[in-house]
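Content type mmCIF, C-alpha atoms and all ligand atoms, from the file run_15.cif:
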```cif
data_entry
loop_
_atom_site.label_atom_id
_atom_site.label_comp_id
_atom_site.auth_asym_id
_atom_site.auth_seq_id
_atom_site.Cartn_x
_atom_site.Cartn_y
_atom_site.Cartn_z
CA MET A 1 0.00 0.00 0.00
CA GLN A 2 1.69 3.17 -1.29
CA ASP A 3 0.24 5.29 1.51
CA LEU A 4 2.31 3.48 4.14
CA LYS A 5 5.62 3.53 2.33
CA ASP A 6 8.43 5.02 4.46
CA LYS A 7 6.07 6.21 7.18
CA ASN A 8 7.47 6.00 10.72
CA ILE A 9 5.03 4.17 12.93
CA LEU A 10 5.27 3.14 16.58
CA VAL A 11 3.22 0.11 17.62
CA THR A 12 3.01 -0.28 21.39
CA GLY A 13 2.12 -3.79 22.50
CA GLY A 14 3.56 -4.87 19.15
CA ALA A 15 4.58 -8.32 20.44
CA GLY A 16 0.98 -9.13 21.38
CA PHE A 17 -1.79 -10.65 19.29
CA ILE A 18 -3.16 -7.55 17.55
CA GLY A 19 0.09 -5.56 17.71
CA SER A 20 2.22 -8.24 16.04
CA ASN A 21 -0.28 -8.56 13.20
CA LEU A 22 -0.16 -4.78 12.76
CA CYS A 23 3.67 -4.75 12.77
CA GLU A 24 3.79 -7.51 10.15
CA TYR A 25 1.32 -5.76 7.84
CA LEU A 26 3.08 -2.40 8.14
CA ILE A 27 6.51 -3.89 7.40
CA LEU A 28 5.16 -5.78 4.39
CA ASN A 29 3.78 -2.49 3.09
CA GLY A 30 6.96 -0.46 3.34
CA ALA A 31 6.67 1.37 6.68
CA TYR A 32 9.42 1.82 9.28
CA VAL A 33 8.08 0.15 12.39
CA THR A 34 9.13 0.47 16.01
CA CYS A 35 7.59 -1.99 18.45
CA LEU A 36 7.54 -1.11 22.15
CA ASP A 37 6.58 -4.01 24.43
CA ASN A 38 7.47 -5.30 27.88
CA LEU A 39 6.53 -8.87 26.89
CA SER A 40 4.20 -9.22 29.88
CA THR A 41 1.38 -10.85 27.90
CA GLY A 42 3.03 -10.70 24.47
CA ASN A 43 5.78 -12.93 23.18
CA LYS A 44 8.90 -12.41 21.07
CA LYS A 45 7.94 -15.40 18.95
CA ASN A 46 5.07 -13.31 17.56
CA ILE A 47 7.59 -10.96 15.95
CA GLN A 48 10.40 -13.47 15.38
CA ASP A 49 10.26 -13.08 11.58
CA LEU A 50 10.51 -9.29 11.85
CA LEU A 51 13.40 -8.95 14.29
CA ASN A 52 16.13 -8.92 11.62
CA HIS A 53 14.20 -6.77 9.16
CA PRO A 54 16.06 -3.51 8.38
CA ARG A 55 12.90 -1.42 8.79
CA PHE A 56 11.89 -3.00 12.11
CA LYS A 57 13.08 -2.02 15.58
CA PHE A 58 12.13 -3.70 18.84
CA ILE A 59 12.29 -1.77 22.12
CA SER A 60 11.92 -3.85 25.25
CA GLY A 61 10.31 -1.39 27.64
CA ASP A 62 7.34 -0.49 29.78
CA ILE A 63 4.78 2.23 29.03
CA ARG A 64 4.62 2.93 32.77
CA GLU A 65 8.00 4.71 32.29
CA LEU A 66 7.54 8.13 30.71
CA LYS A 67 11.20 8.23 29.59
CA THR A 68 10.75 4.99 27.63
CA CYS A 69 7.62 6.39 25.94
CA GLN A 70 9.48 9.60 25.03
CA GLN A 71 12.36 7.64 23.48
CA ALA A 72 10.01 5.33 21.57
CA CYS A 73 7.99 8.27 20.17
CA LYS A 74 11.05 10.19 18.97
CA GLY A 75 10.99 10.56 15.16
CA GLN A 76 7.63 8.82 14.77
CA GLU A 77 4.69 10.15 12.74
CA PHE A 78 1.95 7.81 13.93
CA VAL A 79 1.36 5.79 17.08
CA LEU A 80 -0.79 2.67 17.12
CA HIS A 81 -1.20 2.25 20.87
CA GLN A 82 -2.14 -1.37 21.62
CA ALA A 83 -0.24 -1.97 24.88
CA ALA A 84 -2.61 -2.66 27.76
CA LEU A 85 -3.59 -5.39 30.15
CA GLY A 86 -6.67 -6.97 28.58
CA SER A 87 -9.31 -9.15 30.24
CA VAL A 88 -12.20 -8.20 32.49
CA PRO A 89 -11.42 -10.93 35.10
CA ARG A 90 -7.77 -9.84 35.32
CA SER A 91 -8.87 -6.29 36.11
CA ILE A 92 -11.24 -7.58 38.81
CA ASN A 93 -8.48 -9.70 40.38
CA ASP A 94 -5.86 -6.94 40.20
CA PRO A 95 -7.43 -3.54 39.47
CA ASN A 96 -4.31 -1.68 40.54
CA THR A 97 -2.00 -3.13 37.88
CA SER A 98 -4.65 -2.79 35.17
CA ASN A 99 -5.02 0.86 36.15
CA GLU A 100 -1.26 1.52 36.17
CA VAL A 101 -0.78 0.06 32.70
CA ASN A 102 -4.06 1.02 31.05
CA VAL A 103 -4.46 4.51 32.55
CA SER A 104 -1.05 5.78 33.73
CA GLY A 105 0.73 4.03 30.84
CA PHE A 106 -1.81 5.47 28.41
CA LEU A 107 -1.30 8.95 29.84
CA ASN A 108 2.48 8.58 29.45
CA MET A 109 1.95 7.68 25.81
CA LEU A 110 -0.24 10.75 25.29
CA ILE A 111 2.34 13.02 26.93
CA ALA A 112 5.16 11.53 24.86
CA SER A 113 3.07 11.78 21.66
CA ARG A 114 2.37 15.44 22.39
CA ASP A 115 6.02 16.20 23.18
CA GLN A 116 7.36 14.35 20.13
CA LYS A 117 4.78 15.98 17.82
CA ILE A 118 3.07 12.78 16.72
CA LYS A 119 0.69 13.46 13.79
CA ARG A 120 -2.02 11.08 14.94
CA PHE A 121 -2.44 8.93 18.04
CA ILE A 122 -4.51 5.86 17.19
CA PHE A 123 -5.46 3.68 20.13
CA ALA A 124 -7.22 0.47 21.09
CA SER A 125 -10.34 1.08 23.08
CA SER A 126 -12.92 -1.62 23.74
CA SER A 127 -16.56 -2.61 23.35
CA SER A 128 -16.55 -3.00 27.14
CA THR A 129 -17.02 0.79 27.35
CA TYR A 130 -20.72 0.19 26.54
CA GLY A 131 -21.02 -1.24 30.05
CA ASP A 132 -24.55 -1.75 31.33
CA SER A 133 -26.26 -0.09 28.36
CA LYS A 134 -28.82 -2.59 27.06
CA LYS A 135 -29.35 -0.88 23.70
CA LEU A 136 -28.53 -2.96 20.63
CA PRO A 137 -26.87 -2.39 18.31
CA LYS A 138 -24.28 -0.25 20.06
CA PHE A 139 -23.85 3.27 18.68
CA GLU A 140 -20.70 5.17 19.62
CA ASN A 141 -22.41 8.02 21.46
CA HIS A 142 -24.71 5.91 23.65
CA ILE A 143 -22.76 4.20 26.38
CA GLY A 144 -23.76 2.95 29.82
CA LYS A 145 -21.85 2.67 33.09
CA PRO A 146 -18.67 0.55 32.98
CA MET A 147 -19.10 -2.94 34.48
CA SER A 148 -15.45 -3.68 35.32
CA PRO A 149 -12.19 -1.90 36.13
CA TYR A 150 -10.98 -2.86 32.62
CA ALA A 151 -13.98 -1.16 30.99
CA LEU A 152 -13.41 1.92 33.11
CA THR A 153 -9.74 2.16 32.06
CA LYS A 154 -10.73 2.04 28.40
CA TYR A 155 -13.36 4.73 28.87
CA ILE A 156 -10.83 6.91 30.71
CA ASN A 157 -8.52 6.48 27.69
CA GLU A 158 -11.17 7.94 25.41
CA LEU A 159 -11.73 10.90 27.72
CA TYR A 160 -8.00 11.56 28.07
CA ALA A 161 -7.52 11.47 24.29
CA GLU A 162 -10.27 14.07 23.89
CA ILE A 163 -8.74 16.28 26.60
CA PHE A 164 -5.31 16.13 24.94
CA GLN A 165 -6.84 17.05 21.61
CA LYS A 166 -8.65 20.04 23.04
CA THR A 167 -5.75 21.18 25.22
CA PHE A 168 -2.68 20.33 23.13
CA SER A 169 -4.09 19.72 19.62
CA LEU A 170 -2.90 16.10 19.60
CA ASP A 171 -5.04 14.40 16.96
CA TYR A 172 -6.41 10.95 17.76
CA ILE A 173 -8.62 8.14 16.55
CA GLY A 174 -10.01 5.69 19.11
CA LEU A 175 -11.00 2.20 17.99
CA ARG A 176 -13.47 0.27 20.13
CA TYR A 177 -12.55 -3.30 19.26
CA PHE A 178 -15.28 -5.94 19.60
CA ASN A 179 -13.92 -9.44 20.48
CA VAL A 180 -11.04 -9.74 18.07
CA TYR A 181 -9.76 -13.19 17.06
CA GLY A 182 -7.35 -14.82 14.62
CA ARG A 183 -3.78 -16.05 14.20
CA ARG A 184 -1.40 -15.54 17.14
CA GLN A 185 -4.09 -14.95 19.77
CA ASP A 186 -2.71 -16.58 22.91
CA PRO A 187 -4.57 -19.77 23.91
CA ASP A 188 -2.64 -20.17 27.18
CA GLY A 189 -3.07 -18.74 30.64
CA VAL A 190 -6.06 -18.06 32.87
CA TYR A 191 -7.08 -14.95 30.94
CA ALA A 192 -7.16 -16.48 27.45
CA ALA A 193 -9.93 -15.24 25.15
CA VAL A 194 -12.86 -17.50 24.30
CA ILE A 195 -11.95 -18.54 20.73
CA PRO A 196 -8.37 -19.74 21.37
CA LEU A 197 -9.49 -21.21 24.71
CA PHE A 198 -12.28 -23.32 23.18
CA THR A 199 -10.10 -24.24 20.20
CA LYS A 200 -7.32 -25.49 22.45
CA LYS A 201 -9.76 -27.56 24.49
CA LEU A 202 -11.33 -29.09 21.38
CA ILE A 203 -7.97 -29.95 19.81
CA ASN A 204 -7.05 -31.68 23.09
CA HIS A 205 -10.41 -33.55 23.08
CA LEU A 206 -11.58 -31.73 26.22
CA SER A 207 -14.94 -30.06 26.86
CA PRO A 208 -14.81 -26.24 26.87
CA LYS A 209 -16.59 -24.53 29.75
CA ILE A 210 -19.27 -22.02 28.79
CA ASN A 211 -19.91 -19.37 31.46
CA GLY A 212 -23.70 -19.28 31.80
CA ASP A 213 -26.13 -21.02 29.44
CA GLY A 214 -24.39 -19.98 26.22
CA SER A 215 -26.96 -17.36 25.28
CA TYR A 216 -24.67 -14.36 25.84
CA SER A 217 -23.68 -12.97 22.45
CA ARG A 218 -20.69 -11.22 20.96
CA ASP A 219 -19.74 -9.45 17.75
CA PHE A 220 -16.61 -11.40 16.82
CA THR A 221 -14.15 -9.47 14.67
CA TYR A 222 -11.50 -11.11 12.50
CA ILE A 223 -7.96 -9.75 12.86
CA ASP A 224 -7.64 -8.71 9.19
CA ASP A 225 -10.61 -6.35 9.58
CA VAL A 226 -8.91 -4.82 12.63
CA ILE A 227 -5.69 -4.34 10.66
CA ARG A 228 -7.65 -2.69 7.86
CA ILE A 229 -9.30 -0.10 10.09
CA ASN A 230 -5.99 0.77 11.72
CA ILE A 231 -4.54 1.42 8.25
CA LEU A 232 -7.58 3.54 7.35
CA ALA A 233 -7.05 5.48 10.59
CA ILE A 234 -3.45 6.22 9.55
CA THR A 235 -4.22 7.12 5.94
CA THR A 236 -7.56 8.91 6.17
CA LYS A 237 -7.56 12.40 4.67
CA ASN A 238 -11.15 13.10 5.71
CA LYS A 239 -10.90 15.82 8.39
CA ASP A 240 -14.27 14.79 9.83
CA SER A 241 -12.95 11.29 10.53
CA ILE A 242 -10.22 12.48 12.91
CA ASN A 243 -10.68 12.97 16.67
CA GLU A 244 -13.47 10.44 16.77
CA ILE A 245 -14.19 7.08 18.40
CA TYR A 246 -15.27 4.12 16.23
CA ASN A 247 -16.76 0.69 16.73
CA VAL A 248 -14.61 -1.97 15.09
CA ALA A 249 -16.70 -5.07 14.55
CA ALA A 250 -18.12 -7.46 12.01
CA ALA A 251 -21.65 -6.20 12.77
CA GLY A 252 -22.78 -9.77 13.42
CA ARG A 253 -24.29 -11.39 16.49
CA THR A 254 -23.12 -14.82 17.63
CA THR A 255 -24.06 -16.54 20.88
CA ILE A 256 -21.35 -18.41 22.77
CA LEU A 257 -23.15 -21.69 22.06
CA GLU A 258 -23.25 -20.90 18.34
CA LEU A 259 -19.55 -20.06 18.49
CA PHE A 260 -18.83 -23.42 20.12
CA ASN A 261 -20.73 -25.17 17.32
CA TYR A 262 -18.92 -23.25 14.55
CA LEU A 263 -15.56 -24.15 16.07
CA LYS A 264 -16.57 -27.77 16.48
CA LYS A 265 -17.79 -27.96 12.88
CA SER A 266 -14.63 -26.41 11.50
CA LEU A 267 -12.24 -28.49 13.64
CA SER A 268 -14.15 -31.74 13.01
CA LYS A 269 -13.00 -31.52 9.39
CA LEU A 270 -9.44 -31.92 10.70
CA ASP A 271 -10.18 -34.46 13.43
CA VAL A 272 -13.49 -36.39 13.39
CA LYS A 273 -13.27 -37.19 17.12
CA ILE A 274 -14.03 -33.52 17.87
CA LYS A 275 -17.59 -34.05 16.55
CA ASN A 276 -18.58 -35.85 19.77
CA ILE A 277 -17.37 -33.22 22.25
CA HIS A 278 -20.01 -31.30 24.23
CA PRO A 279 -19.51 -28.16 26.31
CA ILE A 280 -19.83 -27.92 30.10
CA PHE A 281 -21.97 -25.08 31.44
CA GLY A 282 -20.91 -22.97 34.46
CA GLN A 283 -21.84 -19.71 36.16
CA ASN A 284 -21.94 -16.32 34.43
CA ARG A 285 -18.79 -14.32 35.24
CA PRO A 286 -18.99 -11.03 37.13
CA GLY A 287 -18.32 -8.01 34.92
CA ASP A 288 -19.32 -9.77 31.69
CA VAL A 289 -21.68 -7.80 29.49
CA PRO A 290 -24.60 -10.04 28.32
CA HIS A 291 -24.75 -8.86 24.71
CA SER A 292 -22.41 -6.96 22.47
CA PHE A 293 -23.33 -6.14 18.90
CA ALA A 294 -22.07 -3.09 17.03
CA SER A 295 -23.37 -0.62 14.56
CA ILE A 296 -20.46 0.07 12.21
CA GLU A 297 -22.30 2.80 10.32
CA LYS A 298 -19.96 5.52 11.61
CA ALA A 299 -16.79 3.71 10.54
CA GLU A 300 -18.35 2.94 7.15
CA ARG A 301 -19.38 6.54 6.63
CA LEU A 302 -16.28 8.37 7.83
CA LEU A 303 -13.45 5.87 7.35
CA ASN A 304 -14.82 3.79 4.50
CA TYR A 305 -14.45 0.67 6.65
CA LYS A 306 -16.13 -2.54 5.53
CA PRO A 307 -15.59 -5.78 7.42
CA LEU A 308 -14.78 -8.62 5.04
CA TYR A 309 -15.23 -11.56 7.41
CA ASN A 310 -18.29 -12.93 9.16
CA ILE A 311 -17.72 -15.36 12.02
CA GLU A 312 -17.75 -18.53 9.89
CA ASP A 313 -15.31 -17.11 7.32
CA GLY A 314 -13.03 -15.84 10.08
CA ILE A 315 -13.05 -19.13 11.96
CA ASN A 316 -12.31 -21.07 8.79
CA LYS A 317 -9.40 -18.72 8.07
CA SER A 318 -8.07 -18.92 11.64
CA ILE A 319 -8.42 -22.61 12.20
CA ASN A 320 -5.41 -23.77 10.21
CA TRP A 321 -3.15 -21.50 12.21
CA TYR A 322 -4.68 -22.67 15.49
CA TRP A 323 -4.42 -26.27 14.33
CA ASN A 324 -0.74 -26.03 13.38
CA ASP A 325 0.23 -24.08 16.48
CA LEU A 326 -1.85 -25.99 19.00
CA SER A 327 -1.40 -29.49 17.66
CA LYS A 328 2.37 -29.00 18.00
CA LYS A 329 1.82 -28.53 21.72
CA LYS A 330 -0.91 -31.19 21.98
CA LYS A 331 -0.53 -33.16 25.17
P1 LIG B 401 -2.20 -8.84 23.99
O1 LIG B 401 -2.13 -9.12 25.45
O2 LIG B 401 -1.89 -9.95 23.05
O3 LIG B 401 -1.32 -7.59 23.61
C1 LIG B 401 -1.02 -6.55 24.50
C2 LIG B 401 0.46 -6.28 24.40
O4 LIG B 401 0.80 -5.19 25.27
C3 LIG B 401 1.32 -7.48 24.86
O5 LIG B 401 2.32 -7.74 23.89
C4 LIG B 401 1.93 -7.00 26.17
O6 LIG B 401 3.19 -7.60 26.44
C5 LIG B 401 1.99 -5.50 25.96
N1 LIG B 401 2.01 -4.76 27.22
C6 LIG B 401 1.21 -4.95 28.29
N2 LIG B 401 1.57 -4.12 29.29
C7 LIG B 401 2.60 -3.37 28.82
C8 LIG B 401 3.40 -2.35 29.38
N3 LIG B 401 3.21 -1.94 30.64
N4 LIG B 401 4.38 -1.80 28.64
C9 LIG B 401 4.59 -2.24 27.36
N5 LIG B 401 3.87 -3.22 26.78
C10 LIG B 401 2.89 -3.78 27.51
O7 LIG B 401 -3.68 -8.30 23.73
P2 LIG B 401 -4.43 -7.95 22.37
O8 LIG B 401 -5.62 -8.81 22.32
O9 LIG B 401 -3.49 -7.94 21.24
O10 LIG B 401 -4.93 -6.47 22.69
C11 LIG B 401 -4.34 -5.30 22.13
C12 LIG B 401 -5.15 -4.09 22.56
O11 LIG B 401 -6.49 -4.22 22.09
C13 LIG B 401 -5.27 -3.89 24.07
O12 LIG B 401 -5.23 -2.51 24.33
C14 LIG B 401 -6.62 -4.45 24.41
O13 LIG B 401 -7.16 -3.88 25.58
C15 LIG B 401 -7.39 -4.04 23.17
N6 LIG B 401 -8.59 -4.84 22.91
C16 LIG B 401 -8.46 -6.16 22.52
C17 LIG B 401 -9.59 -6.89 22.26
C18 LIG B 401 -9.50 -8.33 21.82
O14 LIG B 401 -10.55 -8.93 21.59
N7 LIG B 401 -8.33 -8.92 21.67
C19 LIG B 401 -10.87 -6.31 22.42
C20 LIG B 401 -10.95 -4.99 22.82
C21 LIG B 401 -9.81 -4.26 23.04
#
```
Do you think you could lay out the structure here as structure tokens?
Amino acid sequence: MQDLKDKNILVTGGAGFIGSNLCEYLILNGAYVTCLDNLSTGNKKNIQDLLNHPRFKFISGDIRELKTCQQACKGQEFVLHQAALGSVPRSINDPNTSNEVNVSGFLNMLIASRDQKIKRFIFASSSSTYGDSKKLPKFENHIGKPMSPYALTKYINELYAEIFQKTFSLDYIGLRYFNVYGRRQDPDGVYAAVIPLFTKKLINHLSPKINGDGSYSRDFTYIDDVIRINILAITTKNKDSINEIYNVAAAGRTTILELFNYLKKSLSKLDVKIKNIHPIFGQNRPGDVPHSFASIEKAERLLNYKPLYNIEDGINKSINWYWNDLSKKKK
């Protein structure tokens, strides 16, 4: 993509799931990419193929250190800020660390972006900001009260970005991601996301646990659609599209039980034994929003964003990667 050629772009959290996919795309399209990551939930193996690339630089550092943020932002034109501690349960178990990284770290990145004259600060917000609002679909300007410390940190991010724009003219675009999935999403650990978690269980012939009765629904978004909107956020020339918050979703509604069945169907083609696995049902988790389903009208109108993958297409695209990665580790 010509628009990205020779641009200097900082990706924080670039060794994580979404960040590493962004780094890879940007490098393939001619940008100079700096990745800042403390490898707390990310992994160097996600960027292994980029480490020796002449246009790629890895900084091992923490966004909780302002000096590190200042150094990383030096000479950059755009920031794609992905570094954060994800997961609602993690933020309930340890609200202090989530706040330090997601709020203080975010503020450091804003200060550094202002000081280093970044052209546009593009950041990962979250569908969790809709909180207890029951309205469906979700429109950007109608949010409820946050239901977890994580959701609160992401909402604070949006408010801080707006304040920095008004006070210091730092331009921003905030992207409210809705349940992103795809290659390199970590299936391990207690805070793993639902798609890699279920996939890992199924590949190991174990029953995934559904929290609740499986009727909660999500708008699952394939990683390539998330990459595309980040690129649109960098390249947009439409003045009205800047200093705005956008839903990033597939605009589809899938219950957790339906998701389980799609994964089972797709994986059964690779291993027939998976056909006979049934889920276990548990309690709903505190802080979980019952339903999440986005309107993407604003992103379509102002950024020309169109998701290319519904849940079945995305799962079918992801499954080979999951299969190769997870079957290597199969116990
Ligand atoms: P991830 O955990 O794979 O990536 C986050 C990265 O940030 C990791 O590489 C981690 O090591 C790094 N990081 C964490 N704390 C850091 C610190 N203090 N200093 C430097 N680096 C640090 O998660 P992801 O799914 O790729 O999420 C990326 C962003 O998107 C996050 O901001 C997350 O809140 C947001 N988001 C993700 C989803 C989703 O479904 N995956 C949904 C909504 C929002």
Find the spatial neighbours of Lys57 of chain A, counting all atoms listed in the file, within a cut-off of 10 Å - ignore same-chain residues fewer than 4 positions away - and output them as a JSON list (two decimals) with C-alpha atoms, keeping the file's coordinate frame.
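And here's part_35.json as it stands now:
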```json
[["chain", "number", "residue", "atom", "x", "y", "z"],
["A", 10, "LEU", "CA", 5.27, 3.14, 16.58],
["A", 32, "TYR", "CA", 9.42, 1.82, 9.28],
["A", 33, "VAL", "CA", 8.08, 0.15, 12.39],
["A", 34, "THR", "CA", 9.13, 0.47, 16.01],
["A", 35, "CYS", "CA", 7.59, -1.99, 18.45],
["A", 36, "LEU", "CA", 7.54, -1.11, 22.15],
["A", 50, "LEU", "CA", 10.51, -9.29, 11.85],
["A", 51, "LEU", "CA", 13.40, -8.95, 14.29],
["A", 52, "ASN", "CA", 16.13, -8.92, 11.62],
["A", 53, "HIS", "CA", 14.20, -6.77, 9.16],
["A", 72, "ALA", "CA", 10.01, 5.33, 21.57]]
```
If I take atom CA of Pro290 of chain A and atom CA of Ser215 of chain A, how far is one from the other in Å, to one decimal? 8.3 Å
Find, counting only C-alpha atoms, the residue in A:Thr199, A:Asn324, A:Asn108, A:Thr221 that gets nearest to Lys264 of chain A. A:Thr199
By how many Å are atom N6 of ligand LIG 401 (chain B) and atom CA of Leu263 of chain A apart? 21.6 Å
So which residues touch segment 89-97 of chain A within 12 Å, counting only C-alpha atoms, skipping near sequence neighbours fewer than 2 positions away, as a PyMOL selection string? chain A and resi 40-41+64+84-87+99-105+147-154+189-193+284-288
Find the nearest atom pair between each residue of chain A and ligand LIG 401 (chain B) for residues within 7 Å, count all atoms listed in the file, give distances in Å to one decimal, sort rows by chain and ascending number, and present the table as CSV.
```
residue,atom,partner,partner_atom,distance
A:Thr12,CA,B:LIG401,N5,6.2
A:Gly13,CA,B:LIG401,O4,3.4
A:Gly14,CA,B:LIG401,O5,5.7
A:Ala15,CA,B:LIG401,O5,4.2
A:Gly16,CA,B:LIG401,O5,3.2
A:Phe17,CA,B:LIG401,O9,3.7
A:Ile18,CA,B:LIG401,O9,3.7
A:Gly19,CA,B:LIG401,O9,5.6
A:Leu36,CA,B:LIG401,C9,6.1
A:Asp37,CA,B:LIG401,N5,3.7
A:Asn38,CA,B:LIG401,C9,4.2
A:Leu39,CA,B:LIG401,O6,3.6
A:Ser40,CA,B:LIG401,O6,3.9
A:Thr41,CA,B:LIG401,O6,4.0
A:Gly42,CA,B:LIG401,O5,3.1
A:Asn43,CA,B:LIG401,O5,6.3
A:Gly61,CA,B:LIG401,C9,5.8
A:Asp62,CA,B:LIG401,N4,3.4
A:Ile63,CA,B:LIG401,N4,4.1
A:Arg64,CA,B:LIG401,N3,5.5
A:Gln82,CA,B:LIG401,C12,4.2
A:Ala83,CA,B:LIG401,O4,3.4
A:Ala84,CA,B:LIG401,O12,4.3
A:Leu85,CA,B:LIG401,C6,5.2
A:Gly86,CA,B:LIG401,O13,4.3
A:Val101,CA,B:LIG401,N3,4.9
A:Gly105,CA,B:LIG401,N3,6.5
A:Ala124,CA,B:LIG401,O12,4.8
A:Ser125,CA,B:LIG401,C21,5.4
A:Ser126,CA,B:LIG401,C20,4.0
A:Ser127,CA,B:LIG401,C20,6.1
A:Arg176,CA,B:LIG401,C20,6.4
A:Tyr177,CA,B:LIG401,C20,4.3
A:Phe178,CA,B:LIG401,C19,5.2
A:Asn179,CA,B:LIG401,O14,3.6
A:Val180,CA,B:LIG401,O14,3.6
A:Tyr181,CA,B:LIG401,O14,6.3
A:Gln185,CA,B:LIG401,O2,6.4
A:Asp186,CA,B:LIG401,O2,6.7
```
Could you check which residues have any atom within 12 Å of (-18.5, -19.2, 9.2), counting only C-alpha atoms with coordinates taken straight from the file, and then list them as number ranges by chain? A: 220-222, 252, 254, 258-266, 308-319
With C-alpha atoms retained, output segment 240-275 of chain A as a PDB file, in the first residue's frame.
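The resulting file, out.pdb, is reproduced below:
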```
ATOM      1  CA  ASP A 240     -14.275  14.788   9.834  1.00  0.00           C
ATOM      2  CA  SER A 241     -12.955  11.294  10.529  1.00  0.00           C
ATOM      3  CA  ILE A 242     -10.220  12.482  12.910  1.00  0.00           C
ATOM      4  CA  ASN A 243     -10.680  12.973  16.670  1.00  0.00           C
ATOM      5  CA  GLU A 244     -13.468  10.442  16.775  1.00  0.00           C
ATOM      6  CA  ILE A 245     -14.186   7.077  18.398  1.00  0.00           C
ATOM      7  CA  TYR A 246     -15.269   4.124  16.228  1.00  0.00           C
ATOM      8  CA  ASN A 247     -16.762   0.686  16.726  1.00  0.00           C
ATOM      9  CA  VAL A 248     -14.608  -1.966  15.092  1.00  0.00           C
ATOM     10  CA  ALA A 249     -16.695  -5.074  14.554  1.00  0.00           C
ATOM     11  CA  ALA A 250     -18.120  -7.464  12.011  1.00  0.00           C
ATOM     12  CA  ALA A 251     -21.650  -6.203  12.769  1.00  0.00           C
ATOM     13  CA  GLY A 252     -22.785  -9.767  13.420  1.00  0.00           C
ATOM     14  CA  ARG A 253     -24.292 -11.390  16.489  1.00  0.00           C
ATOM     15  CA  THR A 254     -23.118 -14.822  17.630  1.00  0.00           C
ATOM     16  CA  THR A 255     -24.063 -16.541  20.883  1.00  0.00           C
ATOM     17  CA  ILE A 256     -21.349 -18.409  22.766  1.00  0.00           C
ATOM     18  CA  LEU A 257     -23.148 -21.688  22.061  1.00  0.00           C
ATOM     19  CA  GLU A 258     -23.249 -20.905  18.337  1.00  0.00           C
ATOM     20  CA  LEU A 259     -19.553 -20.055  18.493  1.00  0.00           C
ATOM     21  CA  PHE A 260     -18.833 -23.424  20.115  1.00  0.00           C
ATOM     22  CA  ASN A 261     -20.735 -25.172  17.318  1.00  0.00           C
ATOM     23  CA  TYR A 262     -18.917 -23.246  14.545  1.00  0.00           C
ATOM     24  CA  LEU A 263     -15.557 -24.148  16.067  1.00  0.00           C
ATOM     25  CA  LYS A 264     -16.574 -27.772  16.478  1.00  0.00           C
ATOM     26  CA  LYS A 265     -17.790 -27.958  12.885  1.00  0.00           C
ATOM     27  CA  SER A 266     -14.628 -26.410  11.499  1.00  0.00           C
ATOM     28  CA  LEU A 267     -12.240 -28.491  13.641  1.00  0.00           C
ATOM     29  CA  SER A 268     -14.148 -31.735  13.006  1.00  0.00           C
ATOM     30  CA  LYS A 269     -13.002 -31.524   9.387  1.00  0.00           C
ATOM     31  CA  LEU A 270      -9.441 -31.917  10.697  1.00  0.00           C
ATOM     32  CA  ASP A 271     -10.183 -34.456  13.433  1.00  0.00           C
ATOM     33  CA  VAL A 272     -13.489 -36.392  13.394  1.00  0.00           C
ATOM     34  CA  LYS A 273     -13.273 -37.190  17.118  1.00  0.00           C
ATOM     35  CA  ILE A 274     -14.028 -33.520  17.868  1.00  0.00           C
ATOM     36  CA  LYS A 275     -17.586 -34.048  16.555  1.00  0.00           C
TER      37      LYS A 275
END
```
